[in-house]
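Undergrad: File run_14.txt below, compact mmCIF, C-alpha atoms:
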```
# COMPACT_ATOMS: atom_id res chain seq x y z
CA MET A 96 -61.48 9.65 15.16
CA VAL A 97 -62.28 7.91 11.89
CA TYR A 98 -63.53 4.33 12.09
CA GLU A 99 -64.06 3.25 8.49
CA PHE A 100 -63.84 4.64 4.99
CA TYR A 101 -65.61 3.44 1.85
CA ILE A 102 -65.74 4.53 -1.77
CA PHE A 103 -68.74 3.40 -3.83
CA ASN A 104 -69.62 4.07 -7.43
CA ASN A 105 -73.12 4.92 -8.61
CA VAL A 106 -74.26 1.34 -9.21
CA GLY A 107 -73.33 0.14 -5.74
CA ASN A 108 -69.95 -1.48 -6.25
CA CYS A 109 -67.58 -0.86 -3.39
CA LEU A 110 -64.33 0.36 -4.94
CA PHE A 111 -62.40 0.78 -1.72
CA TYR A 112 -62.70 -0.10 1.97
CA LEU A 113 -60.42 0.92 4.82
CA ASN A 114 -60.88 -0.10 8.44
CA LEU A 115 -59.03 2.07 10.96
CA ARG A 116 -60.56 0.58 14.05
CA GLY A 117 -57.92 -2.07 14.58
CA THR A 118 -60.52 -4.76 15.29
CA THR A 119 -60.54 -8.14 13.57
CA PRO A 120 -61.68 -7.90 9.95
CA GLU A 121 -65.21 -9.05 9.14
CA LYS A 122 -65.74 -12.36 7.43
CA ASN A 123 -68.10 -11.00 4.79
CA PRO A 124 -67.54 -7.31 4.19
CA GLN A 125 -69.62 -7.42 0.98
CA ASP A 126 -72.87 -7.81 2.92
CA LYS A 127 -72.13 -4.77 5.03
CA GLN A 128 -71.10 -2.80 1.96
CA LYS A 129 -74.38 -3.64 0.20
CA LEU A 130 -76.30 -2.59 3.30
CA ILE A 131 -74.45 0.70 3.52
CA PHE A 132 -75.00 1.48 -0.13
CA GLY A 133 -78.67 0.55 0.00
CA MET A 134 -79.25 2.73 3.04
CA MET A 135 -77.36 5.64 1.50
CA HIS A 136 -79.28 5.38 -1.76
CA THR A 137 -82.59 5.39 0.13
CA MET A 138 -81.60 8.35 2.31
CA LYS A 139 -80.52 10.37 -0.70
CA SER A 140 -83.69 9.76 -2.65
CA MET A 141 -85.83 10.45 0.46
CA CYS A 142 -84.06 13.77 1.02
CA ARG A 143 -84.56 14.67 -2.60
CA LYS A 144 -88.26 13.78 -2.54
CA PHE A 145 -89.02 15.65 0.67
CA SER A 146 -87.28 18.80 -0.44
CA PRO A 147 -89.67 21.73 -1.03
CA GLN A 148 -87.67 22.85 -4.08
CA PRO A 149 -86.36 20.60 -6.83
CA ILE A 150 -82.63 20.02 -6.35
CA SER A 151 -80.16 18.12 -8.45
CA VAL A 152 -77.27 17.86 -6.00
CA SER A 153 -77.90 15.55 -3.05
CA PRO A 154 -78.45 17.52 0.17
CA PHE A 155 -77.78 14.51 2.40
CA THR A 156 -74.32 14.92 3.95
CA SER A 157 -74.36 13.14 7.29
CA TYR A 158 -76.34 11.52 10.04
CA VAL A 159 -75.42 10.84 13.66
CA THR A 160 -76.31 8.08 16.10
CA ASP A 161 -75.09 7.32 19.62
CA ALA A 162 -72.32 5.08 18.36
CA TYR A 163 -71.09 6.75 15.17
CA LYS A 164 -71.53 9.53 12.65
CA LEU A 165 -71.76 8.80 8.94
CA HIS A 166 -70.45 11.42 6.49
CA ILE A 167 -70.98 11.20 2.76
CA LEU A 168 -69.84 13.14 -0.26
CA GLU A 169 -71.45 12.42 -3.62
CA THR A 170 -69.73 13.72 -6.73
CA SER A 171 -71.39 14.53 -10.06
CA SER A 172 -69.44 11.69 -11.60
CA GLY A 173 -71.30 9.21 -9.39
CA LEU A 174 -68.66 8.52 -6.76
CA ASN A 175 -69.71 8.25 -3.12
CA PHE A 176 -67.16 8.78 -0.37
CA VAL A 177 -68.51 7.41 2.93
CA MET A 178 -66.81 7.84 6.29
CA PHE A 179 -67.81 6.46 9.69
CA THR A 180 -66.47 8.53 12.56
CA HIS A 181 -66.90 9.20 16.25
CA PRO A 182 -70.31 10.80 16.91
CA ASP A 183 -68.81 14.03 18.24
CA MET A 184 -66.93 14.82 15.07
CA MET A 185 -67.76 18.03 13.21
CA ASP A 186 -68.99 18.13 9.65
CA GLN A 187 -66.33 16.56 7.48
CA THR A 188 -67.46 17.71 4.01
CA HIS A 189 -64.29 19.78 3.62
CA SER A 190 -62.02 16.82 4.43
CA LEU A 191 -63.98 14.53 2.09
CA LYS A 192 -63.54 17.17 -0.63
CA TRP A 193 -59.83 17.29 0.16
CA ILE A 194 -59.59 13.51 -0.07
CA TYR A 195 -61.40 13.62 -3.43
CA SER A 196 -59.38 16.45 -4.97
CA THR A 197 -55.94 15.72 -3.58
CA ILE A 198 -55.55 12.09 -2.56
CA TYR A 199 -58.01 10.35 -4.91
CA CYS A 200 -57.17 12.47 -7.97
CA THR A 201 -53.43 12.28 -7.49
CA PHE A 202 -53.01 8.61 -6.65
CA VAL A 203 -55.92 6.93 -8.42
CA ILE A 204 -57.12 9.02 -11.36
CA ARG A 205 -53.69 9.99 -12.64
CA ASN A 206 -52.47 6.41 -12.60
CA PRO A 207 -52.90 5.17 -16.18
CA PHE A 208 -53.13 1.57 -15.00
CA TYR A 209 -56.23 2.23 -12.93
CA GLU A 210 -59.42 1.17 -14.69
CA PRO A 211 -62.45 3.25 -13.78
CA LYS A 212 -65.26 1.31 -12.04
CA LYS A 213 -62.85 -1.38 -10.84
CA PRO A 214 -61.75 -1.72 -7.20
CA ILE A 215 -58.83 0.47 -6.20
CA THR A 216 -55.70 -1.53 -5.47
CA SER A 217 -53.15 1.25 -5.24
CA VAL A 218 -50.90 0.81 -2.21
CA VAL A 219 -49.81 4.46 -2.21
CA PHE A 220 -53.41 5.64 -2.20
CA LYS A 221 -54.22 3.48 0.82
CA GLN A 222 -51.12 4.70 2.63
CA LYS A 223 -51.72 8.40 1.96
CA LEU A 224 -55.40 8.09 2.84
CA GLU A 225 -54.61 6.32 6.10
CA GLU A 226 -52.05 8.99 6.98
CA TYR A 227 -54.58 11.73 6.33
CA LEU A 228 -57.46 10.06 8.17
CA LEU A 229 -55.30 9.54 11.25
CA THR A 230 -54.75 13.30 11.42
CA LEU A 231 -58.48 13.99 11.62
CA ALA A 232 -58.85 14.30 15.35
CA ARG A 233 -62.07 16.31 15.59
CA MET B 76 -71.45 33.64 -13.42
CA ALA B 77 -68.95 36.51 -13.33
CA ARG B 78 -66.85 34.82 -10.67
CA GLN B 79 -66.39 31.71 -12.77
CA PRO B 80 -63.80 32.96 -15.29
CA ARG B 81 -61.74 34.17 -12.34
CA GLN B 82 -62.10 30.78 -10.68
CA ALA B 83 -60.85 29.04 -13.84
CA GLU B 84 -57.96 31.51 -14.02
CA THR B 85 -57.06 30.74 -10.38
CA VAL B 86 -57.09 26.99 -10.94
CA TRP B 87 -54.96 27.45 -14.09
CA ASN B 88 -52.44 29.58 -12.17
CA GLN B 89 -52.23 27.10 -9.31
CA SER B 90 -51.76 23.99 -11.42
CA GLU B 91 -48.34 22.68 -12.37
CA LYS B 92 -47.26 23.55 -15.87
CA VAL B 93 -45.33 21.61 -18.47
CA ASN B 94 -43.35 23.04 -21.36
CA ALA B 95 -45.72 23.72 -24.27
CA GLU B 96 -43.15 22.64 -26.85
CA LEU B 97 -42.70 19.31 -25.11
CA PHE B 98 -46.46 18.81 -25.15
CA ALA B 99 -46.73 19.76 -28.84
CA PHE B 100 -43.76 17.54 -29.77
CA THR B 101 -45.08 14.56 -27.78
CA TYR B 102 -48.55 14.78 -29.28
CA GLY B 103 -47.14 15.29 -32.77
CA ALA B 104 -44.83 12.27 -32.42
CA LEU B 105 -47.80 10.20 -31.25
CA VAL B 106 -49.95 11.16 -34.26
CA VAL B 107 -47.14 10.53 -36.76
CA LYS B 108 -46.39 7.12 -35.20
CA LEU B 109 -50.07 6.18 -35.41
CA ILE B 110 -50.20 7.22 -39.07
CA LYS B 111 -47.16 5.06 -39.83
CA GLU B 112 -48.49 2.03 -37.95
CA LEU B 113 -52.18 2.02 -38.88
CA GLU B 114 -53.42 1.40 -42.39
CA SER B 115 -55.91 4.21 -42.78
CA LEU B 116 -56.44 7.74 -41.56
CA THR B 117 -59.93 6.75 -40.41
CA LYS B 118 -58.34 4.24 -38.03
CA VAL B 119 -55.96 6.93 -36.79
CA ASN B 120 -58.91 9.22 -36.07
CA GLU B 121 -60.70 6.41 -34.23
CA THR B 122 -57.61 5.56 -32.18
CA LEU B 123 -57.08 9.19 -31.21
CA GLU B 124 -60.73 9.45 -30.22
CA GLN B 125 -60.50 6.27 -28.13
CA MET B 126 -57.37 7.53 -26.39
CA GLY B 127 -59.18 10.77 -25.67
CA TYR B 128 -62.14 8.80 -24.30
CA ASN B 129 -59.86 6.96 -21.85
CA ILE B 130 -58.45 10.30 -20.74
CA GLY B 131 -61.90 11.88 -20.46
CA VAL B 132 -63.34 9.24 -18.10
CA ARG B 133 -60.55 10.07 -15.63
CA LEU B 134 -60.22 13.76 -16.31
CA ILE B 135 -63.80 14.45 -15.28
CA ASP B 136 -63.02 13.61 -11.62
CA ASP B 137 -59.92 15.78 -11.66
CA PHE B 138 -61.97 18.59 -13.19
CA LEU B 139 -64.95 18.28 -10.82
CA SER B 140 -62.76 18.12 -7.73
CA LYS B 141 -61.03 21.41 -8.56
CA ASN B 142 -63.82 23.40 -10.18
CA ASP B 143 -67.07 24.18 -8.48
CA VAL B 144 -69.48 24.19 -11.40
CA ASN B 145 -73.18 23.60 -11.14
CA CYS B 146 -74.91 23.04 -14.46
CA GLU B 147 -78.67 23.32 -14.68
CA GLU B 148 -79.02 23.25 -18.43
CA LEU B 149 -76.96 22.40 -21.49
CA LYS B 150 -75.76 25.98 -21.94
CA ASP B 151 -74.11 25.82 -18.49
CA THR B 152 -72.41 22.55 -19.42
CA ALA B 153 -71.14 24.07 -22.67
CA ASP B 154 -69.83 27.14 -20.82
CA ALA B 155 -68.17 24.93 -18.20
CA ILE B 156 -66.32 22.98 -20.90
CA ALA B 157 -65.36 26.07 -22.91
CA LYS B 158 -64.43 28.47 -20.13
CA HIS B 159 -63.26 26.13 -17.37
CA GLY B 160 -62.26 22.87 -19.00
CA PHE B 161 -60.23 24.29 -21.85
CA LYS B 162 -58.77 27.01 -19.63
CA VAL B 163 -57.61 24.65 -16.88
CA TYR B 164 -56.16 21.97 -19.15
CA LEU B 165 -55.02 23.77 -22.29
CA GLY B 166 -54.76 27.37 -21.13
CA ILE B 167 -57.13 28.66 -23.81
CA THR B 168 -60.81 29.53 -23.80
CA CYS B 169 -63.35 28.80 -26.50
CA ASP B 170 -66.55 30.44 -27.62
CA VAL B 171 -69.81 28.59 -27.36
CA VAL B 172 -72.50 28.55 -30.02
CA MET B 173 -75.68 26.79 -28.91
CA GLY B 174 -77.61 24.71 -31.39
CA ASP B 175 -81.25 25.33 -32.16
CA ASP B 176 -82.77 22.34 -30.45
CA GLN B 177 -80.95 22.51 -27.09
CA LYS B 178 -79.33 19.14 -27.73
CA GLU B 179 -76.16 20.34 -29.36
CA PHE B 180 -73.56 23.04 -29.13
CA SER B 181 -70.32 24.00 -30.82
CA LEU B 182 -67.02 25.03 -29.29
CA ILE B 183 -65.05 27.46 -31.40
CA MET B 184 -61.28 27.50 -30.84
CA THR B 185 -59.26 30.25 -32.47
CA ASP B 186 -55.84 29.17 -31.24
CA ASN B 187 -54.78 25.71 -30.18
CA PRO B 188 -51.45 24.91 -28.46
CA MET B 189 -51.47 21.40 -29.95
CA THR B 190 -51.40 22.57 -33.56
CA GLU B 191 -49.11 25.58 -33.24
CA TYR B 192 -46.25 24.09 -35.24
CA VAL B 193 -48.28 21.81 -37.48
CA GLU B 194 -48.69 22.15 -41.21
CA MET B 195 -50.95 19.56 -42.75
CA ARG B 196 -49.54 17.54 -45.63
CA GLU B 197 -51.18 16.91 -49.01
CA GLY B 198 -53.30 13.79 -48.94
CA TYR B 199 -54.04 13.97 -45.21
CA GLY B 200 -57.37 15.70 -45.60
CA GLU B 201 -59.18 12.97 -43.73
CA LEU B 202 -57.01 13.27 -40.64
CA CYS B 203 -58.58 15.00 -37.62
CA TYR B 204 -55.39 16.02 -35.83
CA CYS B 205 -57.15 17.11 -32.63
CA ASN B 206 -59.52 14.19 -32.43
CA ILE B 207 -58.15 13.39 -29.00
CA ILE B 208 -60.03 16.44 -27.67
CA CYS B 209 -63.28 15.04 -29.06
CA GLY B 210 -62.63 11.80 -27.20
CA VAL B 211 -61.90 13.64 -23.96
CA ILE B 212 -65.21 15.52 -24.15
CA ARG B 213 -67.13 12.35 -25.00
CA GLY B 214 -65.48 10.42 -22.13
CA ALA B 215 -66.14 13.18 -19.62
CA LEU B 216 -69.80 13.47 -20.65
CA GLN B 217 -70.12 9.67 -20.51
CA MET B 218 -69.14 9.71 -16.83
CA LEU B 219 -71.85 12.31 -16.25
CA LYS B 220 -74.27 9.84 -17.84
CA TYR B 221 -74.62 11.65 -21.17
CA GLU B 222 -74.19 9.70 -24.41
CA SER B 223 -72.82 12.13 -26.94
CA LYS B 224 -71.33 12.43 -30.37
CA VAL B 225 -68.39 14.80 -30.66
CA SER B 226 -66.67 15.69 -33.91
CA ILE B 227 -64.51 18.33 -35.55
CA VAL B 228 -66.46 20.17 -38.22
CA ARG B 229 -63.98 22.93 -39.05
CA ASP B 230 -60.22 22.80 -38.66
CA THR B 231 -57.58 25.55 -38.91
CA LEU B 232 -55.19 22.92 -40.25
CA LYS B 233 -57.48 22.55 -43.26
CA ASN B 234 -57.53 26.27 -43.99
CA ASP B 235 -60.72 27.10 -42.09
CA ASP B 236 -60.72 30.26 -40.00
CA CYS B 237 -61.19 28.43 -36.70
CA THR B 238 -61.47 24.95 -35.21
CA GLU B 239 -65.06 24.04 -34.46
CA ILE B 240 -65.94 21.04 -32.29
CA LYS B 241 -69.59 20.05 -32.45
CA VAL B 242 -71.10 18.20 -29.47
CA THR B 243 -74.47 16.49 -29.87
CA ILE B 244 -76.16 14.98 -26.82
CA LEU B 245 -77.79 11.72 -27.87
CA SER B 246 -79.32 10.54 -24.63
CA ARG B 247 -79.14 10.66 -20.86
CA LYS B 248 -78.86 7.29 -19.19
CA VAL B 249 -79.24 6.83 -15.49
CA ASP B 250 -77.78 3.64 -14.02
CA GLU B 251 -80.47 2.30 -11.80
CA TYR B 252 -79.23 0.68 -8.63
CA GLU B 253 -81.15 -2.56 -8.17
CA PRO B 254 -81.40 -3.57 -4.53
CA ASP B 255 -81.12 -7.28 -3.72
CA GLU B 256 -84.50 -8.53 -2.63
CA GLY B 257 -83.17 -11.50 -0.69
CA ALA B 258 -80.48 -9.74 1.37
```
Let me see whether you can do it: turn the structure in this file into structure tokens.

TA:
Amino acid sequence: MVYEFYIFNNVGNCLFYLNLRGTTPEKNPQDKQKLIFGMMHTMKSMCRKFSPQPISVSPFTSYVTDAYKLHILETSSGLNFVMFTHPDMMDQTHSLKWIYSTIYCTFVIRNPFYEPKKPITSVVFKQKLEEYLLTLAR
Amino acid sequence: MARQPRQAETVWNQSEKVNAELFAFTYGALVVKLIKELESLTKVNETLEQMGYNIGVRLIDDFLSKNDVNCEELKDTADAIAKHGFKVYLGITCDVVMGDDQKEFSLIMTDNPMTEYVEMREGYGELCYCNIICGVIRGALQMLKYESKVSIVRDTLKNDDCTEIKVTILSRKVDEYEPDEGA
């Protein structure tokens, strides 16, 4: 059960936000987005610093609390795909990779009218992503 | 490293193909139209490079999502471009020649599907027909935070024995995320 989905770029701009919870939308989603990005950035750099061997690819993929599980995929091009799900959900790295390679690449990257680093406004992308996320039961 | 050429071959086989003649005709028509519309061949080269740059900044995500490459040093990056990048998008592979100072490398192409039917005219010596490829490489490296300079130093269309694309890494810039102090 996926609650929310975000796409950030490497400087912290939120390029895309999708809420699947069905609750009323927040008045100021930007504050929450900044918080999420800041926390993610800190976690990634902490993981990197504590690692016994030097690593270039971020090892931080998820964390779980009582209320939710946060999954993240960071690409070499600086994109961060963040997903909030039910705490019992299994590791979703494979589905984030699928979203990146199939849904994001097909409906965002290949659209010549999409400008990189700007928010994603494609209706088809949102629709296909929503369809896919609803199929992620466990 | 041995599994990587096979991986590139698999991705190439799985991707949708387009007719090579259509591709060559479309690109050729584009270059000729640019030559007719712009005043100088230098401007044509710049426009082709800029178009390639716009392609490169998008192509890098498509490439990274389908190819699992992990580059620890410049030689790995050069191999990834030559063996994976060119294979997956143009169906050819290139040879890599590393520069002396580890900040540059050259990609040597012996055959190029874009220039198969092209014969360069007299007076067009300044034109870099494949400059779009230079732009693509520069755009892709830009998204990986490398500032680079990419140019064609030898060209089969100008009676050289191969097409050589030289890539020089100028700098690595890391966008620093600045957290808001007051939030």

Undergrad: Counting only C-alpha atoms, collect the residues of chain A whose closest atom lies at most 12 Å from chain B, and write them out as a PDB file with C-alpha atoms, in the coordinates of the input.

TA:
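Generated file (out09.pdb):
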```pdb
ATOM      1  CA  PHE A 103     -68.740   3.400  -3.830  1.00  0.00           C
ATOM      2  CA  ASN A 104     -69.620   4.070  -7.430  1.00  0.00           C
ATOM      3  CA  ASN A 105     -73.120   4.920  -8.610  1.00  0.00           C
ATOM      4  CA  VAL A 106     -74.260   1.340  -9.210  1.00  0.00           C
ATOM      5  CA  GLY A 107     -73.330   0.140  -5.740  1.00  0.00           C
ATOM      6  CA  ASN A 108     -69.950  -1.480  -6.250  1.00  0.00           C
ATOM      7  CA  GLN A 125     -69.620  -7.420   0.980  1.00  0.00           C
ATOM      8  CA  ASP A 126     -72.870  -7.810   2.920  1.00  0.00           C
ATOM      9  CA  LYS A 127     -72.130  -4.770   5.030  1.00  0.00           C
ATOM     10  CA  GLN A 128     -71.100  -2.800   1.960  1.00  0.00           C
ATOM     11  CA  LYS A 129     -74.380  -3.640   0.200  1.00  0.00           C
ATOM     12  CA  LEU A 130     -76.300  -2.590   3.300  1.00  0.00           C
ATOM     13  CA  ILE A 131     -74.450   0.700   3.520  1.00  0.00           C
ATOM     14  CA  PHE A 132     -75.000   1.480  -0.130  1.00  0.00           C
ATOM     15  CA  GLY A 133     -78.670   0.550   0.000  1.00  0.00           C
ATOM     16  CA  MET A 134     -79.250   2.730   3.040  1.00  0.00           C
ATOM     17  CA  MET A 135     -77.360   5.640   1.500  1.00  0.00           C
ATOM     18  CA  HIS A 136     -79.280   5.380  -1.760  1.00  0.00           C
ATOM     19  CA  THR A 137     -82.590   5.390   0.130  1.00  0.00           C
ATOM     20  CA  SER A 140     -83.690   9.760  -2.650  1.00  0.00           C
ATOM     21  CA  PRO A 149     -86.360  20.600  -6.830  1.00  0.00           C
ATOM     22  CA  ILE A 150     -82.630  20.020  -6.350  1.00  0.00           C
ATOM     23  CA  SER A 151     -80.160  18.120  -8.450  1.00  0.00           C
ATOM     24  CA  VAL A 152     -77.270  17.860  -6.000  1.00  0.00           C
ATOM     25  CA  LEU A 168     -69.840  13.140  -0.260  1.00  0.00           C
ATOM     26  CA  GLU A 169     -71.450  12.420  -3.620  1.00  0.00           C
ATOM     27  CA  THR A 170     -69.730  13.720  -6.730  1.00  0.00           C
ATOM     28  CA  SER A 171     -71.390  14.530 -10.060  1.00  0.00           C
ATOM     29  CA  SER A 172     -69.440  11.690 -11.600  1.00  0.00           C
ATOM     30  CA  GLY A 173     -71.300   9.210  -9.390  1.00  0.00           C
ATOM     31  CA  LEU A 174     -68.660   8.520  -6.760  1.00  0.00           C
ATOM     32  CA  HIS A 189     -64.290  19.780   3.620  1.00  0.00           C
ATOM     33  CA  LEU A 191     -63.980  14.530   2.090  1.00  0.00           C
ATOM     34  CA  LYS A 192     -63.540  17.170  -0.630  1.00  0.00           C
ATOM     35  CA  TRP A 193     -59.830  17.290   0.160  1.00  0.00           C
ATOM     36  CA  ILE A 194     -59.590  13.510  -0.070  1.00  0.00           C
ATOM     37  CA  TYR A 195     -61.400  13.620  -3.430  1.00  0.00           C
ATOM     38  CA  SER A 196     -59.380  16.450  -4.970  1.00  0.00           C
ATOM     39  CA  THR A 197     -55.940  15.720  -3.580  1.00  0.00           C
ATOM     40  CA  ILE A 198     -55.550  12.090  -2.560  1.00  0.00           C
ATOM     41  CA  TYR A 199     -58.010  10.350  -4.910  1.00  0.00           C
ATOM     42  CA  CYS A 200     -57.170  12.470  -7.970  1.00  0.00           C
ATOM     43  CA  THR A 201     -53.430  12.280  -7.490  1.00  0.00           C
ATOM     44  CA  PHE A 202     -53.010   8.610  -6.650  1.00  0.00           C
ATOM     45  CA  VAL A 203     -55.920   6.930  -8.420  1.00  0.00           C
ATOM     46  CA  ILE A 204     -57.120   9.020 -11.360  1.00  0.00           C
ATOM     47  CA  ARG A 205     -53.690   9.990 -12.640  1.00  0.00           C
ATOM     48  CA  ASN A 206     -52.470   6.410 -12.600  1.00  0.00           C
ATOM     49  CA  PRO A 207     -52.900   5.170 -16.180  1.00  0.00           C
ATOM     50  CA  PHE A 208     -53.130   1.570 -15.000  1.00  0.00           C
ATOM     51  CA  TYR A 209     -56.230   2.230 -12.930  1.00  0.00           C
ATOM     52  CA  GLU A 210     -59.420   1.170 -14.690  1.00  0.00           C
ATOM     53  CA  PRO A 211     -62.450   3.250 -13.780  1.00  0.00           C
ATOM     54  CA  LYS A 212     -65.260   1.310 -12.040  1.00  0.00           C
TER      55      LYS A 212
END
```

Undergrad: Have a look at atom CA of A:Val159 and atom CA of A:Leu110 and let me know their distance in Å, one decimal.

TA: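 It comes out at 24.1 Å.
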
Undergrad: By how many Å are atom CA of A:Lys213 and atom CA of B:Ile208 apart?

TA: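 Computing it gives 24.7 Å between the two atoms.
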
Undergrad: What is the distance, in Å and to one decimal place, between atom CA of B:Val225 and atom CA of B:Ile212?

TA: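 Interatomic distance, atom CA of B:Val225 to atom CA of B:Ile212: 7.3 Å.
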
Undergrad: Find the residues near stretch 85-97 of chain B: any atom within 10 Å, counting all atoms listed in the file, skip ones fewer than 6 places away on the same chain, and give them as a ChimeraX atom specification.

TA: /B:79,103,138,141-142,159-166,188-189,191-192

Undergrad: Calculated over all atoms listed in the file, which of the candidates B:Thr243, B:Gln177, B:Thr231, B:Thr168 has the smallest distance to B:Glu84?

TA: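 Once distances to B:Glu84 are computed over all atoms listed in the file, the minimum belongs to B:Thr168.
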
Undergrad: Which residue gives the smallest distance to A:Leu115 among A:Phe220, A:Phe155, A:Phe145, A:Phe179, with all atoms listed in the file counted?

TA: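 Checking each candidate against A:Leu115, we get A:Phe179 as the closest.
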
Undergrad: Considering all atoms listed in the file, state which residue in the set A:Asn114, A:Asn123, A:Thr180, A:Ser146 is at the smallest distance from A:Lys221.

TA: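 Comparing A:Asn114, A:Asn123, A:Thr180, A:Ser146 against A:Lys221, the winner is A:Asn114.
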
Undergrad: Between B:Val211, B:Ala104, B:Ala157, B:Leu113, which has the minimum distance to B:Met173 (counting all atoms listed in the file)?

TA: B:Ala157

Undergrad: In terms of the shortest atom-to-atom distance over all atoms listed in the file, which of B:Cys237, B:Ile227, B:Leu149, B:Val119 is closest to B:Cys169?

TA: B:Cys237

Undergrad: Kindly indicate which residue among A:Phe176, A:Tyr101, A:Tyr112, A:Tyr163 lies nearest to A:Thr188, using all atoms listed in the file for the distances.

TA: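 Looking at the shortest contact to A:Thr188, the residue is A:Phe176.
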
Undergrad: Using 6 Å of padding on each side, determine the axis-aligned box around all atoms of stretch 175-184 of chain A present in the file and give its centre and edge lengths in Å to one decimal, as lines of an AutoDock Vina configuration file.

TA:
```
center_x = -68.4
center_y = 10.6
center_z = 7.6
size_x = 15.8
size_y = 20.4
size_z = 33.4
```

Undergrad: Select all residues near (-69.4, 17.3, -35.1) (cut-off 10 Å, inclusive, file coordinates), counting all atoms listed in the file, and output them as a PDB file with C-alpha atoms, keeping the file's coordinate frame.

TA:
```pdb
ATOM      1  CA  GLU B 179     -76.160  20.340 -29.360  1.00  0.00           C
ATOM      2  CA  PHE B 180     -73.560  23.040 -29.130  1.00  0.00           C
ATOM      3  CA  SER B 181     -70.320  24.000 -30.820  1.00  0.00           C
ATOM      4  CA  LEU B 182     -67.020  25.030 -29.290  1.00  0.00           C
ATOM      5  CA  CYS B 209     -63.280  15.040 -29.060  1.00  0.00           C
ATOM      6  CA  LYS B 224     -71.330  12.430 -30.370  1.00  0.00           C
ATOM      7  CA  VAL B 225     -68.390  14.800 -30.660  1.00  0.00           C
ATOM      8  CA  SER B 226     -66.670  15.690 -33.910  1.00  0.00           C
ATOM      9  CA  ILE B 227     -64.510  18.330 -35.550  1.00  0.00           C
ATOM     10  CA  VAL B 228     -66.460  20.170 -38.220  1.00  0.00           C
ATOM     11  CA  ARG B 229     -63.980  22.930 -39.050  1.00  0.00           C
ATOM     12  CA  GLU B 239     -65.060  24.040 -34.460  1.00  0.00           C
ATOM     13  CA  ILE B 240     -65.940  21.040 -32.290  1.00  0.00           C
ATOM     14  CA  LYS B 241     -69.590  20.050 -32.450  1.00  0.00           C
ATOM     15  CA  VAL B 242     -71.100  18.200 -29.470  1.00  0.00           C
ATOM     16  CA  THR B 243     -74.470  16.490 -29.870  1.00  0.00           C
TER      17      THR B 243
END
```

Undergrad: Can you tell me, as number ranges by chain, what residues are no more than 12 Å from A:Thr160 when counting all atoms listed in the file, ignoring any on the same chain fewer than 4 positions away?

TA: A: 164-166, 179-184

Undergrad: Grab the residues selected above and save them as a CSV table (one decimal), keeping the file's coordinate frame with C-alpha atoms.

TA:
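Printed below is selection34.csv as written:
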```csv
chain,number,residue,atom,x,y,z
A,164,LYS,CA,-71.5,9.5,12.6
A,165,LEU,CA,-71.8,8.8,8.9
A,166,HIS,CA,-70.4,11.4,6.5
A,179,PHE,CA,-67.8,6.5,9.7
A,180,THR,CA,-66.5,8.5,12.6
A,181,HIS,CA,-66.9,9.2,16.2
A,182,PRO,CA,-70.3,10.8,16.9
A,183,ASP,CA,-68.8,14.0,18.2
A,184,MET,CA,-66.9,14.8,15.1
```
